[in-house]
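Novice: Got a file for you: query.tsv, TSV, C-alpha atoms.
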chain	number	residue	atom	x	y	z
A	1	MET	CA	117.81	-2.98	-9.37
A	2	LEU	CA	118.15	-6.43	-10.99
A	3	PHE	CA	119.50	-8.49	-8.08
A	4	GLY	CA	118.35	-6.28	-5.21
A	5	ASP	CA	114.77	-5.81	-6.44
A	6	VAL	CA	113.63	-7.84	-9.47
A	7	TRP	CA	115.14	-11.16	-8.36
A	8	ARG	CA	113.49	-10.72	-4.95
A	9	ARG	CA	109.96	-9.99	-6.16
A	10	ALA	CA	107.45	-12.48	-4.75
A	11	GLU	CA	105.42	-12.65	-7.98
A	12	LEU	CA	107.79	-15.36	-9.26
A	13	SER	CA	109.85	-17.75	-7.14
A	14	PRO	CA	113.68	-17.66	-7.32
A	15	ARG	CA	113.56	-21.13	-8.88
A	16	ASP	CA	111.22	-19.94	-11.66
A	17	ARG	CA	113.38	-16.86	-12.24
A	18	SER	CA	116.38	-19.13	-12.70
A	19	MET	CA	114.41	-21.27	-15.15
A	20	VAL	CA	113.53	-18.16	-17.17
A	21	THR	CA	117.09	-16.80	-17.08
A	22	VAL	CA	118.78	-20.07	-18.08
A	23	SER	CA	116.21	-20.58	-20.86
A	24	VAL	CA	116.89	-17.12	-22.26
A	25	LEU	CA	120.67	-17.54	-22.13
A	26	ILE	CA	120.52	-20.91	-23.92
A	27	ALA	CA	117.96	-19.66	-26.43
A	28	THR	CA	120.07	-16.63	-27.35
A	29	GLY	CA	123.42	-18.45	-27.30
A	30	ARG	CA	124.86	-16.32	-24.48
A	31	THR	CA	127.01	-19.04	-22.93
A	32	ALA	CA	129.42	-16.53	-21.33
A	33	GLN	CA	126.73	-15.69	-18.75
A	34	LEU	CA	125.37	-19.23	-18.48
A	35	GLU	CA	127.84	-20.70	-16.00
A	36	GLY	CA	127.05	-18.31	-13.16
A	37	HIS	CA	123.31	-18.61	-13.70
A	38	LEU	CA	123.41	-22.40	-13.83
A	39	GLY	CA	125.06	-22.36	-10.42
A	40	ARG	CA	122.41	-19.96	-9.16
A	41	ALA	CA	119.69	-22.19	-10.63
A	42	LEU	CA	120.98	-25.24	-8.75
A	43	ASP	CA	121.16	-23.16	-5.56
A	44	ASN	CA	117.57	-22.04	-6.18
A	45	GLY	CA	116.25	-25.60	-6.33
A	46	VAL	CA	116.46	-26.53	-10.01
A	47	ARG	CA	117.50	-30.20	-10.05
A	48	PRO	CA	120.32	-31.51	-12.33
A	49	SER	CA	117.80	-33.68	-14.19
A	50	GLU	CA	115.70	-30.56	-14.83
A	51	VAL	CA	118.73	-28.74	-16.28
A	52	ALA	CA	119.30	-31.69	-18.62
A	53	GLY	CA	115.62	-31.69	-19.57
A	54	LEU	CA	115.74	-27.97	-20.21
A	55	VAL	CA	118.65	-28.28	-22.66
A	56	THR	CA	116.94	-31.11	-24.55
A	57	HIS	CA	113.64	-29.23	-24.69
A	58	LEU	CA	115.21	-26.00	-25.89
A	59	ALA	CA	117.02	-27.82	-28.70
A	60	TRP	CA	113.61	-28.15	-30.33
A	61	TYR	CA	112.55	-24.55	-29.78
A	62	THR	CA	115.79	-22.64	-30.28
A	63	GLY	CA	117.84	-24.99	-32.46
A	64	TRP	CA	120.40	-27.72	-31.89
A	65	PRO	CA	123.43	-25.37	-32.12
A	66	ASN	CA	122.28	-23.34	-29.11
A	67	ALA	CA	121.58	-26.47	-27.07
A	68	VAL	CA	124.85	-28.18	-28.01
A	69	SER	CA	126.84	-25.02	-27.29
A	70	SER	CA	125.40	-24.94	-23.78
A	71	LEU	CA	126.40	-28.54	-23.00
A	72	GLN	CA	130.05	-27.71	-22.40
A	73	VAL	CA	129.05	-25.15	-19.78
A	74	VAL	CA	126.50	-27.52	-18.23
A	75	ASP	CA	129.12	-30.29	-18.02
A	76	ARG	CA	131.62	-27.93	-16.38
A	77	VAL	CA	129.12	-26.76	-13.75
A	78	MET	CA	127.86	-30.27	-12.98
A	79	GLY	CA	131.40	-31.62	-12.79
A	80	GLY	CA	132.49	-28.79	-10.51
A	81	ARG	CA	129.70	-29.67	-8.11
A	82	GLY	CA	130.40	-33.39	-8.24
A	83	VAL	CA	126.98	-34.23	-9.68
A	84	ASP	CA	126.65	-37.95	-10.42
A	85	PRO	CA	125.77	-38.51	-14.11
A	86	SER	CA	122.85	-40.71	-13.03
A	87	ALA	CA	121.28	-37.65	-11.36
A	88	VAL	CA	120.50	-36.09	-14.75
A	89	GLN	CA	118.53	-39.08	-16.07
A	90	SER	CA	114.75	-39.02	-16.51
A	91	ASP	CA	112.83	-41.82	-14.78
A	92	GLY	CA	111.10	-42.56	-18.09
A	93	THR	CA	107.54	-42.17	-16.78
A	94	PRO	CA	105.52	-40.22	-19.37
A	95	VAL	CA	103.38	-37.32	-18.17
A	96	GLY	CA	99.99	-36.40	-19.52
A	97	LEU	CA	99.15	-33.77	-22.12
A	98	PRO	CA	96.32	-31.20	-21.89
A	99	SER	CA	92.89	-32.30	-23.08
A	100	THR	CA	93.22	-29.83	-25.98
A	101	ASP	CA	96.21	-31.66	-27.51
A	102	PRO	CA	94.18	-33.73	-30.03
A	103	ALA	CA	92.90	-30.48	-31.54
A	104	ARG	CA	96.49	-29.19	-31.76
A	105	ALA	CA	97.59	-32.40	-33.50
A	106	ARG	CA	94.74	-32.14	-36.00
A	107	GLY	CA	95.72	-28.55	-36.74
A	108	VAL	CA	99.31	-29.60	-37.50
A	109	SER	CA	98.08	-32.41	-39.76
A	110	ASP	CA	95.69	-30.10	-41.60
A	111	THR	CA	98.02	-27.11	-42.09
A	112	ILE	CA	101.60	-28.42	-42.04
A	113	ALA	CA	101.39	-31.98	-43.41
A	114	PRO	CA	100.24	-31.03	-46.94
A	115	THR	CA	103.43	-28.97	-47.44
A	116	ALA	CA	105.94	-30.61	-45.09
A	117	PRO	CA	104.68	-34.07	-44.07
A	118	LYS	CA	107.87	-35.07	-42.26
A	119	LEU	CA	107.86	-31.86	-40.20
A	120	ALA	CA	104.24	-32.54	-39.24
A	121	GLN	CA	105.09	-36.12	-38.27
A	122	LEU	CA	108.07	-35.02	-36.14
A	123	THR	CA	105.94	-32.34	-34.49
A	124	ASN	CA	103.13	-34.69	-33.50
A	125	ASP	CA	104.97	-37.97	-32.89
A	126	VAL	CA	108.23	-36.76	-31.39
A	127	LEU	CA	108.00	-33.19	-30.09
A	128	PHE	CA	104.59	-33.42	-28.45
A	129	ALA	CA	104.09	-37.19	-28.02
A	130	ASP	CA	107.62	-37.73	-26.66
A	131	VAL	CA	109.57	-34.60	-25.62
A	132	TRP	CA	106.59	-32.84	-24.01
A	133	ARG	CA	105.76	-36.05	-22.11
A	134	ARG	CA	109.22	-36.57	-20.59
A	135	SER	CA	109.23	-36.52	-16.80
A	136	ASP	CA	112.52	-34.61	-16.41
A	137	LEU	CA	110.51	-31.38	-16.54
A	138	ALA	CA	107.00	-30.80	-15.22
A	139	PRO	CA	104.55	-29.57	-17.90
A	140	ARG	CA	104.33	-26.21	-16.13
A	141	ASP	CA	108.12	-25.81	-16.27
A	142	ARG	CA	108.25	-26.82	-19.96
A	143	SER	CA	105.70	-24.14	-20.72
A	144	LEU	CA	107.62	-21.54	-18.70
A	145	ALA	CA	110.88	-22.38	-20.51
A	146	THR	CA	109.20	-22.41	-23.93
A	147	ILE	CA	107.48	-19.06	-23.38
A	148	ALA	CA	110.74	-17.50	-22.16
A	149	ALA	CA	112.72	-18.86	-25.13
A	150	LEU	CA	110.14	-17.80	-27.73
A	151	ALA	CA	109.83	-14.33	-26.20
A	152	ALA	CA	113.62	-13.91	-26.05
A	153	ASN	CA	113.92	-14.71	-29.76
A	154	GLY	CA	110.88	-12.68	-30.80
A	155	ASP	CA	108.94	-15.71	-32.10
A	156	ALA	CA	105.52	-14.10	-31.65
A	157	ASP	CA	103.79	-16.43	-34.14
A	158	GLN	CA	104.32	-19.38	-31.80
A	159	LEU	CA	104.07	-17.47	-28.53
A	160	ALA	CA	100.27	-17.12	-28.41
A	161	PHE	CA	99.72	-20.87	-28.59
A	162	HIS	CA	102.28	-21.55	-25.86
A	163	VAL	CA	100.87	-18.88	-23.56
A	164	THR	CA	97.51	-20.67	-23.78
A	165	ARG	CA	99.16	-24.04	-23.21
A	166	GLY	CA	101.07	-22.58	-20.27
A	167	LEU	CA	97.79	-21.55	-18.65
A	168	GLU	CA	96.47	-25.08	-19.23
A	169	ASN	CA	99.63	-26.50	-17.63
A	170	GLY	CA	99.20	-24.50	-14.44
A	171	LEU	CA	100.96	-21.17	-15.03
A	172	THR	CA	98.98	-18.07	-14.07
A	173	ARG	CA	98.70	-14.89	-16.08
A	174	ALA	CA	100.48	-13.03	-13.30
A	175	GLU	CA	103.40	-15.50	-13.42
A	176	ILE	CA	103.73	-15.20	-17.20
A	177	ALA	CA	103.63	-11.40	-16.99
A	178	GLU	CA	106.28	-11.43	-14.25
A	179	ALA	CA	108.42	-13.80	-16.33
A	180	MET	CA	108.30	-11.25	-19.16
A	181	THR	CA	109.29	-8.50	-16.71
A	182	HIS	CA	112.25	-10.57	-15.56
A	183	LEU	CA	113.14	-11.47	-19.13
A	184	ALA	CA	113.40	-7.80	-20.11
A	185	PHE	CA	116.74	-7.60	-18.28
A	186	TYR	CA	118.15	-10.64	-20.10
A	187	ALA	CA	116.65	-10.37	-23.61
A	188	GLY	CA	115.97	-6.63	-23.81
A	189	TRP	CA	112.95	-4.38	-23.41
A	190	PRO	CA	111.69	-4.68	-27.04
A	191	LYS	CA	111.37	-8.47	-26.73
A	192	ALA	CA	109.57	-8.21	-23.39
A	193	MET	CA	107.18	-5.51	-24.64
A	194	ALA	CA	106.33	-7.55	-27.75
A	195	ALA	CA	105.66	-10.62	-25.61
A	196	ILE	CA	103.39	-8.68	-23.26
A	197	ALA	CA	101.35	-7.52	-26.26
A	198	VAL	CA	100.84	-11.16	-27.26
A	199	LEU	CA	99.93	-12.07	-23.68
A	200	ALA	CA	97.30	-9.31	-23.56
A	201	LYS	CA	95.67	-10.53	-26.79
A	202	THR	CA	95.77	-14.14	-25.63
A	203	ASN	CA	94.15	-13.26	-22.32
A	204	GLY	CA	91.31	-11.50	-24.10
A	205	ALA	CA	90.75	-14.40	-26.47
A	206	ARG	CA	90.86	-16.91	-23.62
A	207	GLU	CA	88.26	-14.99	-21.63
A	208	ALA	CA	85.98	-14.87	-24.66
A	209	VAL	CA	85.98	-18.66	-25.19
A	210	ALA	CA	86.43	-19.88	-21.60
A	211	GLU	CA	84.18	-22.83	-20.80
A	212	PRO	CA	81.82	-22.17	-17.88
A	213	LEU	CA	81.82	-25.87	-16.98
A	214	VAL	CA	84.64	-28.43	-17.12
A	215	ILE	CA	84.15	-32.11	-16.25
A	216	VAL	CA	87.30	-34.07	-15.46
A	217	PRO	CA	86.81	-37.83	-16.08
A	218	PRO	CA	88.00	-40.32	-13.44
A	219	GLY	CA	91.48	-41.73	-13.92
A	220	GLY	CA	92.47	-39.15	-16.53
A	221	SER	CA	96.15	-38.27	-17.25
A	222	PRO	CA	97.67	-40.76	-14.78
A	223	GLN	CA	101.13	-39.86	-13.50
A	224	LYS	CA	103.46	-41.60	-11.07
A	225	GLY	CA	104.02	-39.64	-7.87
A	226	PRO	CA	107.67	-38.46	-8.05
A	227	ALA	CA	110.09	-40.26	-5.73
A	228	GLU	CA	111.44	-36.98	-4.36
A	229	ARG	CA	107.97	-36.18	-2.96
A	230	PHE	CA	106.51	-39.59	-2.06
A	231	THR	CA	107.57	-42.88	-0.50
A	232	GLY	CA	106.10	-46.03	-2.08
A	233	THR	CA	103.73	-46.36	-5.03
A	234	VAL	CA	101.57	-43.29	-5.59
A	235	THR	CA	99.45	-42.45	-8.65
A	236	VAL	CA	98.10	-38.98	-9.43
A	237	THR	CA	95.10	-38.77	-11.80
A	238	SER	CA	92.48	-36.31	-13.04
A	239	PRO	CA	94.43	-33.13	-12.26
A	240	PHE	CA	92.41	-29.92	-12.39
A	241	ARG	CA	93.20	-26.24	-12.17
A	242	SER	CA	90.96	-23.21	-12.38
A	243	SER	CA	91.26	-21.02	-15.47
A	244	GLY	CA	91.90	-17.31	-15.54
A	245	ASP	CA	92.96	-15.69	-12.30
A	246	ALA	CA	91.39	-18.30	-10.00
A	247	ARG	CA	93.85	-20.09	-7.74
A	248	LEU	CA	92.13	-23.42	-7.05
A	249	GLY	CA	93.65	-26.71	-8.18
A	250	GLY	CA	94.07	-30.32	-7.21
A	251	ALA	CA	94.00	-33.96	-8.26
A	252	THR	CA	92.95	-37.46	-7.24
A	253	VAL	CA	95.80	-39.30	-5.50
A	254	THR	CA	95.96	-43.04	-4.81
A	255	PHE	CA	98.46	-44.44	-2.27
A	256	ARG	CA	99.22	-48.16	-2.29
A	257	PRO	CA	99.61	-49.78	1.18
A	258	GLY	CA	102.53	-48.24	3.03
A	259	ALA	CA	102.90	-45.30	0.61
A	260	ARG	CA	102.87	-41.72	1.89
A	261	SER	CA	103.80	-38.16	1.04
A	262	ASN	CA	106.84	-36.28	2.29
A	263	TRP	CA	106.39	-33.69	5.00
A	264	HIS	CA	104.92	-30.61	3.34
A	265	SER	CA	102.77	-27.53	3.86
A	266	HIS	CA	100.39	-25.36	1.82
A	267	PRO	CA	100.41	-21.55	1.94
A	268	LEU	CA	96.61	-21.38	1.92
A	269	GLY	CA	95.83	-24.76	3.47
A	270	GLN	CA	94.59	-28.02	1.93
A	271	LEU	CA	91.31	-29.93	1.77
A	272	LEU	CA	91.32	-33.72	1.41
A	273	VAL	CA	88.22	-35.76	0.59
A	274	VAL	CA	88.89	-39.46	1.18
A	275	THR	CA	87.01	-41.48	-1.45
A	276	ASP	CA	88.30	-45.01	-0.86
A	277	GLY	CA	90.26	-47.12	1.60
A	278	GLU	CA	91.99	-46.15	4.81
A	279	GLY	CA	94.95	-43.88	5.46
A	280	ARG	CA	96.91	-41.88	7.98
A	281	ILE	CA	97.63	-38.19	8.47
A	282	GLN	CA	99.80	-36.34	10.97
A	283	VAL	CA	100.66	-32.71	11.58
A	284	GLU	CA	104.12	-31.93	12.91
A	285	GLY	CA	104.13	-32.31	16.69
A	286	GLY	CA	100.70	-33.95	16.72
A	287	ASP	CA	99.35	-37.48	16.98
A	288	MET	CA	98.89	-39.68	13.93
A	289	ARG	CA	95.21	-39.89	12.89
A	290	ALA	CA	93.33	-42.48	10.84
A	291	ILE	CA	91.30	-41.27	7.85
A	292	ARG	CA	88.73	-43.37	5.99
A	293	ALA	CA	86.44	-43.21	2.97
A	294	GLY	CA	83.91	-40.43	3.48
A	295	ASP	CA	86.16	-38.29	5.70
A	296	THR	CA	86.86	-34.67	4.82
A	297	VAL	CA	90.16	-33.37	6.20
A	298	TRP	CA	91.26	-29.74	6.44
A	299	THR	CA	94.88	-28.78	7.16
A	300	ALA	CA	95.47	-25.12	8.03
A	301	PRO	CA	97.86	-22.85	6.09
A	302	ASN	CA	101.62	-23.36	6.58
A	303	VAL	CA	101.17	-26.39	8.87
A	304	ARG	CA	103.70	-29.13	8.12
A	305	HIS	CA	102.05	-32.52	7.75
A	306	TRP	CA	102.03	-35.76	5.79
A	307	HIS	CA	99.35	-38.18	4.64
A	308	GLY	CA	99.21	-41.58	2.98
A	309	ALA	CA	97.81	-45.10	3.06
A	310	SER	CA	97.73	-47.41	6.06
A	311	PRO	CA	100.31	-50.23	6.14
A	312	ASP	CA	97.85	-52.86	4.88
A	313	ARG	CA	95.21	-50.90	2.92
A	314	ALA	CA	95.34	-48.53	-0.03
A	315	MET	CA	93.80	-45.07	0.19
A	316	THR	CA	92.49	-42.62	-2.42
A	317	HIS	CA	91.69	-38.98	-1.80
A	318	VAL	CA	90.91	-35.85	-3.77
A	319	ALA	CA	93.37	-33.11	-2.77
A	320	ILE	CA	92.37	-29.46	-3.21
A	321	SER	CA	94.46	-26.36	-2.51
A	322	GLU	CA	95.02	-22.80	-3.69
A	323	ASN	CA	98.24	-21.26	-4.91
A	324	MET	CA	99.75	-18.07	-3.56
A	325	ALA	CA	102.33	-16.24	-5.71
A	326	GLY	CA	102.40	-19.29	-7.99
A	327	GLN	CA	103.08	-21.82	-5.22
A	328	ASP	CA	100.55	-24.21	-3.70
A	329	VAL	CA	102.87	-26.53	-1.77
A	330	SER	CA	106.26	-26.44	-0.06
A	331	TRP	CA	107.88	-29.89	0.05
A	332	GLY	CA	110.11	-31.17	2.83
A	333	GLU	CA	111.93	-34.35	3.75
A	334	PRO	CA	110.54	-37.92	3.50
A	335	VAL	CA	108.60	-39.44	6.38
A	336	THR	CA	110.84	-42.06	7.99
A	337	GLU	CA	109.65	-45.60	8.60
A	338	ALA	CA	109.71	-44.95	12.35
A	339	GLN	CA	107.56	-41.84	11.97
A	340	TYR	CA	105.14	-43.73	9.74
A	341	ARG	CA	104.89	-46.59	12.22
A	342	GLY	CA	104.55	-44.20	15.15
A	343	LEU	CA	107.71	-45.46	16.82
A	344	PRO	CA	110.14	-43.41	18.98
A	345	ALA	CA	112.81	-41.71	16.91
A	346	SER	CA	116.27	-43.25	16.83
A	347	PRO	CA	119.24	-41.14	18.03
A	348	SER	CA	120.19	-40.37	14.39
A	349	GLU	CA	116.67	-39.04	13.72
A	350	ARG	CA	116.44	-36.82	16.79
Rewrite the structure from the file as C-alpha cells, please.

Specialist:
Amino acid sequence: MLFGDVWRRAELSPRDRSMVTVSVLIATGRTAQLEGHLGRALDNGVRPSEVAGLVTHLAWYTGWPNAVSSLQVVDRVMGGRGVDPSAVQSDGTPVGLPSTDPARARGVSDTIAPTAPKLAQLTNDVLFADVWRRSDLAPRDRSLATIAALAANGDADQLAFHVTRGLENGLTRAEIAEAMTHLAFYAGWPKAMAAIAVLAKTNGAREAVAEPLVIVPPGGSPQKGPAERFTGTVTVTSPFRSSGDARLGGATVTFRPGARSNWHSHPLGQLLVVTDGEGRIQVEGGDMRAIRAGDTVWTAPNVRHWHGASPDRAMTHVAISENMAGQDVSWGEPVTEAQYRGLPASPSER
C-alpha cells in the first residue's frame, strides 16, 4: 500500500513526498529510517544543498538535538555518493518574503517581546529575516517541510499560521492535504487527522478574508534566477500566484544580453508577454524566433523550448502558466552556446 500506491499518487510529486518523509524523520528523531529515505530523496531530485538547507531549517522548528543527530546520517549518505562538500553550500542570494510578513513581525513584537524580548528578536531578525530567506530551499519547500514537521510533532498552535504561509508561498490546498495523507504512514494517523482538522479551519478562514483584488508592484521581491535553470544573469521579480484552488501563477523575468533559460516544458502551456527589449525563443526541433516588446507568445503544453535575451540586448517578459498536480514546469538541460547562436551541433552534442 505505502510504496505501491501512496508513493505513486500523482497528487504530490515523488520529490515532494521525499521532502515530507525526510522532514518527518528528522523532526521525530527517527534516524534509523533516515539513511534509506535520504538516498531515495536524492534519487527523486532533492539536491544535496536542499538536504543541507532542510537540516538547518528543521533545527529551528524541531530543536537542535534532532538536527544534529541527523547530520551523521546525512554525512554518511553524502560521502557514500561522493558528493563534493561545495555542493551543499547556499549561493547566498536572499529570497523574498510574502507581503504579509511585516504584519507577522508586528505580531511577534506585540505578543512575544513584552515577555521574552530576546526570543522575539531571534524570531524576527534571524529565523524569518535570515533562515527563511536562504536560497538553499525555495520558500514553497520551506513551507512544505515546516508543515510536515509541525504536523508530525502535533504542534497545532503553530500549524495554522504555516498552512496560510504555505499557500502564500505557492503550495495548494490539495498538496498540503496529500502531504498529510503521506505523513500518516510516517508520523501516525492521529497526527495526520489533527493536522487535517487545522487545515480545514484554515481553509475556511482564508476563504472568508480572501482579497478579491491583489496588485503586485513592479520590481517586487527580486530574486536571482538559479544557475541550475538559467545561463547568464537573470532576475525574477513580482511573482504572483492565485489563491485558493486556482492554478495560475507567474512572474516578471529580465534576461541580460546573452542570458537564457534551460530547455523546459509546461504541463498546461505558457504565455509570455514581452514588455521590453528583444529576445529569442525556440521549440525543440523548430527554428529560432525573435521576440520583441509588445509580442505575446504562447507555447503549447508539454512542448520543450527555451527563451531568453538576444546576444546584444536585454529582454523582459511576464511569464504566466498553470500548475497541474502541483507542477507548472519541468526543467531540462542548459541551452548550449551553439544552440543559442544557431550553429550546427558539434559531434559531442549530437

Novice: By how many Å are CA of Asp328 in chain A and CA of Ala138 in chain A apart?

Specialist: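 Answer for the CA of Asp328 in chain A to CA of Ala138 in chain A separation: 14.8 Å.
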
Novice: List as number ranges by chain the protein and nucleic acid residues near His305 in chain A, meaning an atom at most 7 Å away when all atoms listed in the file are counted, but skip any in the same chain fewer than 4 places from it.

Specialist: A: 263-265, 282-284

Novice: Between A:Thr231, A:Gly107, A:Thr31, A:Pro217, which is the closest to Gln72 in chain A once you count all atoms listed in the file?

Specialist: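 Of A:Thr231, A:Gly107, A:Thr31, A:Pro217, the one nearest Gln72 in chain A is A:Thr31, counting all atoms listed in the file.
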
Novice: From the options A:Lys191, A:Lys118, A:His37, A:Arg241, which residue's atoms come nearest to Gly166 in chain A, counting only C-alpha atoms?

Specialist: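 Selected residue with least distance to Gly166 in chain A: A:Arg241.
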
Novice: Give me, as a list in words, all polymer residues having an atom no more than 7 Å from Asn302 in chain A, counting only C-alpha atoms and skipping those fewer than 5 positions away in the same chain.

Specialist: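 Skipping anything fewer than 5 positions along the chain leaves Ser265, His266, Pro267 and Gly269 of chain A.
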
Novice: Those selected residues, please, written with C-alpha atoms and delivered as a compact mmCIF listing (two decimals), in the coordinates of the input.

Specialist:
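Result written to again_38.txt:
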# COMPACT_ATOMS: atom_id res chain seq x y z
CA SER A 265 102.77 -27.53 3.86
CA HIS A 266 100.39 -25.36 1.82
CA PRO A 267 100.41 -21.55 1.94
CA GLY A 269 95.83 -24.76 3.47

Novice: Would you please work out which residue, of A:Ala293, A:His182, A:Glu168, A:Ser261, is nearest to Met1 in chain A when using all atoms listed in the file?

Specialist: A:His182

Novice: Within 9 Å of range 38-60 of chain A, which residues of range 124-239 of chain A come that close, and what is the closest atom pair and distance in Å for each? Count only C-alpha atoms and give it as JSON lines.

Specialist:
{"residue": "A:Leu127", "atom": "CA", "partner": "A:Trp60", "partner_atom": "CA", "distance": 7.5}
{"residue": "A:Val131", "atom": "CA", "partner": "A:His57", "partner_atom": "CA", "distance": 6.8}
{"residue": "A:Trp132", "atom": "CA", "partner": "A:His57", "partner_atom": "CA", "distance": 7.9}
{"residue": "A:Arg134", "atom": "CA", "partner": "A:Gly53", "partner_atom": "CA", "distance": 8.1}
{"residue": "A:Ser135", "atom": "CA", "partner": "A:Gly53", "partner_atom": "CA", "distance": 8.5}
{"residue": "A:Asp136", "atom": "CA", "partner": "A:Gly53", "partner_atom": "CA", "distance": 5.3}
{"residue": "A:Leu137", "atom": "CA", "partner": "A:Glu50", "partner_atom": "CA", "distance": 5.5}
{"residue": "A:Ala138", "atom": "CA", "partner": "A:Glu50", "partner_atom": "CA", "distance": 8.7}
{"residue": "A:Asp141", "atom": "CA", "partner": "A:Leu54", "partner_atom": "CA", "distance": 8.8}
{"residue": "A:Arg142", "atom": "CA", "partner": "A:His57", "partner_atom": "CA", "distance": 7.6}
{"residue": "A:Ala145", "atom": "CA", "partner": "A:Leu54", "partner_atom": "CA", "distance": 7.4}
{"residue": "A:Thr146", "atom": "CA", "partner": "A:Leu58", "partner_atom": "CA", "distance": 7.3}
{"residue": "A:Ala149", "atom": "CA", "partner": "A:Leu58", "partner_atom": "CA", "distance": 7.6}

Novice: What gap, in Å, lies between CA of Arg304 in chain A and CA of Met324 in chain A?

Specialist: 16.6 Å

Novice: Between CA of Ala195 in chain A and CA of Ala151 in chain A, what is the spacing in Å?

Specialist: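 These two atoms are separated by 5.6 Å.
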
Novice: For a quick check of understanding, using only C-alpha atoms, which of A:Ala177, A:Val234, A:Met288, A:Ala120 has the smallest distance to Leu199 in chain A?

Specialist: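 Smallest separation from Leu199 in chain A among the options: A:Ala177.
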
Novice: Out of A:Asp155, A:Trp298, A:Thr21, A:Gly4, which residue has the shortest atom-to-atom distance to Ala184 in chain A when counting all atoms listed in the file?

Specialist: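 Ranked by minimum distance to Ala184 in chain A, first place goes to A:Thr21.
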
Novice: When you look at Glu11 in chain A with a cut-off of 12 Å (counting only C-alpha atoms), what residues show up, excluding the ones that are within fewer than 6 positions of it in the same chain? I need them as a ChimeraX atom specification.

Specialist: /A:5,17,171-182,323-327

Novice: So which one's closest to Arg133 in chain A, A:Val95, A:Leu34, A:Leu25, A:Ala187? Using only C-alpha atoms, please.

Specialist: A:Val95

Novice: As a PyMOL selection string, please: the residues near Asn169 in chain A (cut-off 6 Å, only C-alpha atoms, same-chain neighbours under 2 positions excluded).

Specialist: chain A and resi 139-140+166-167
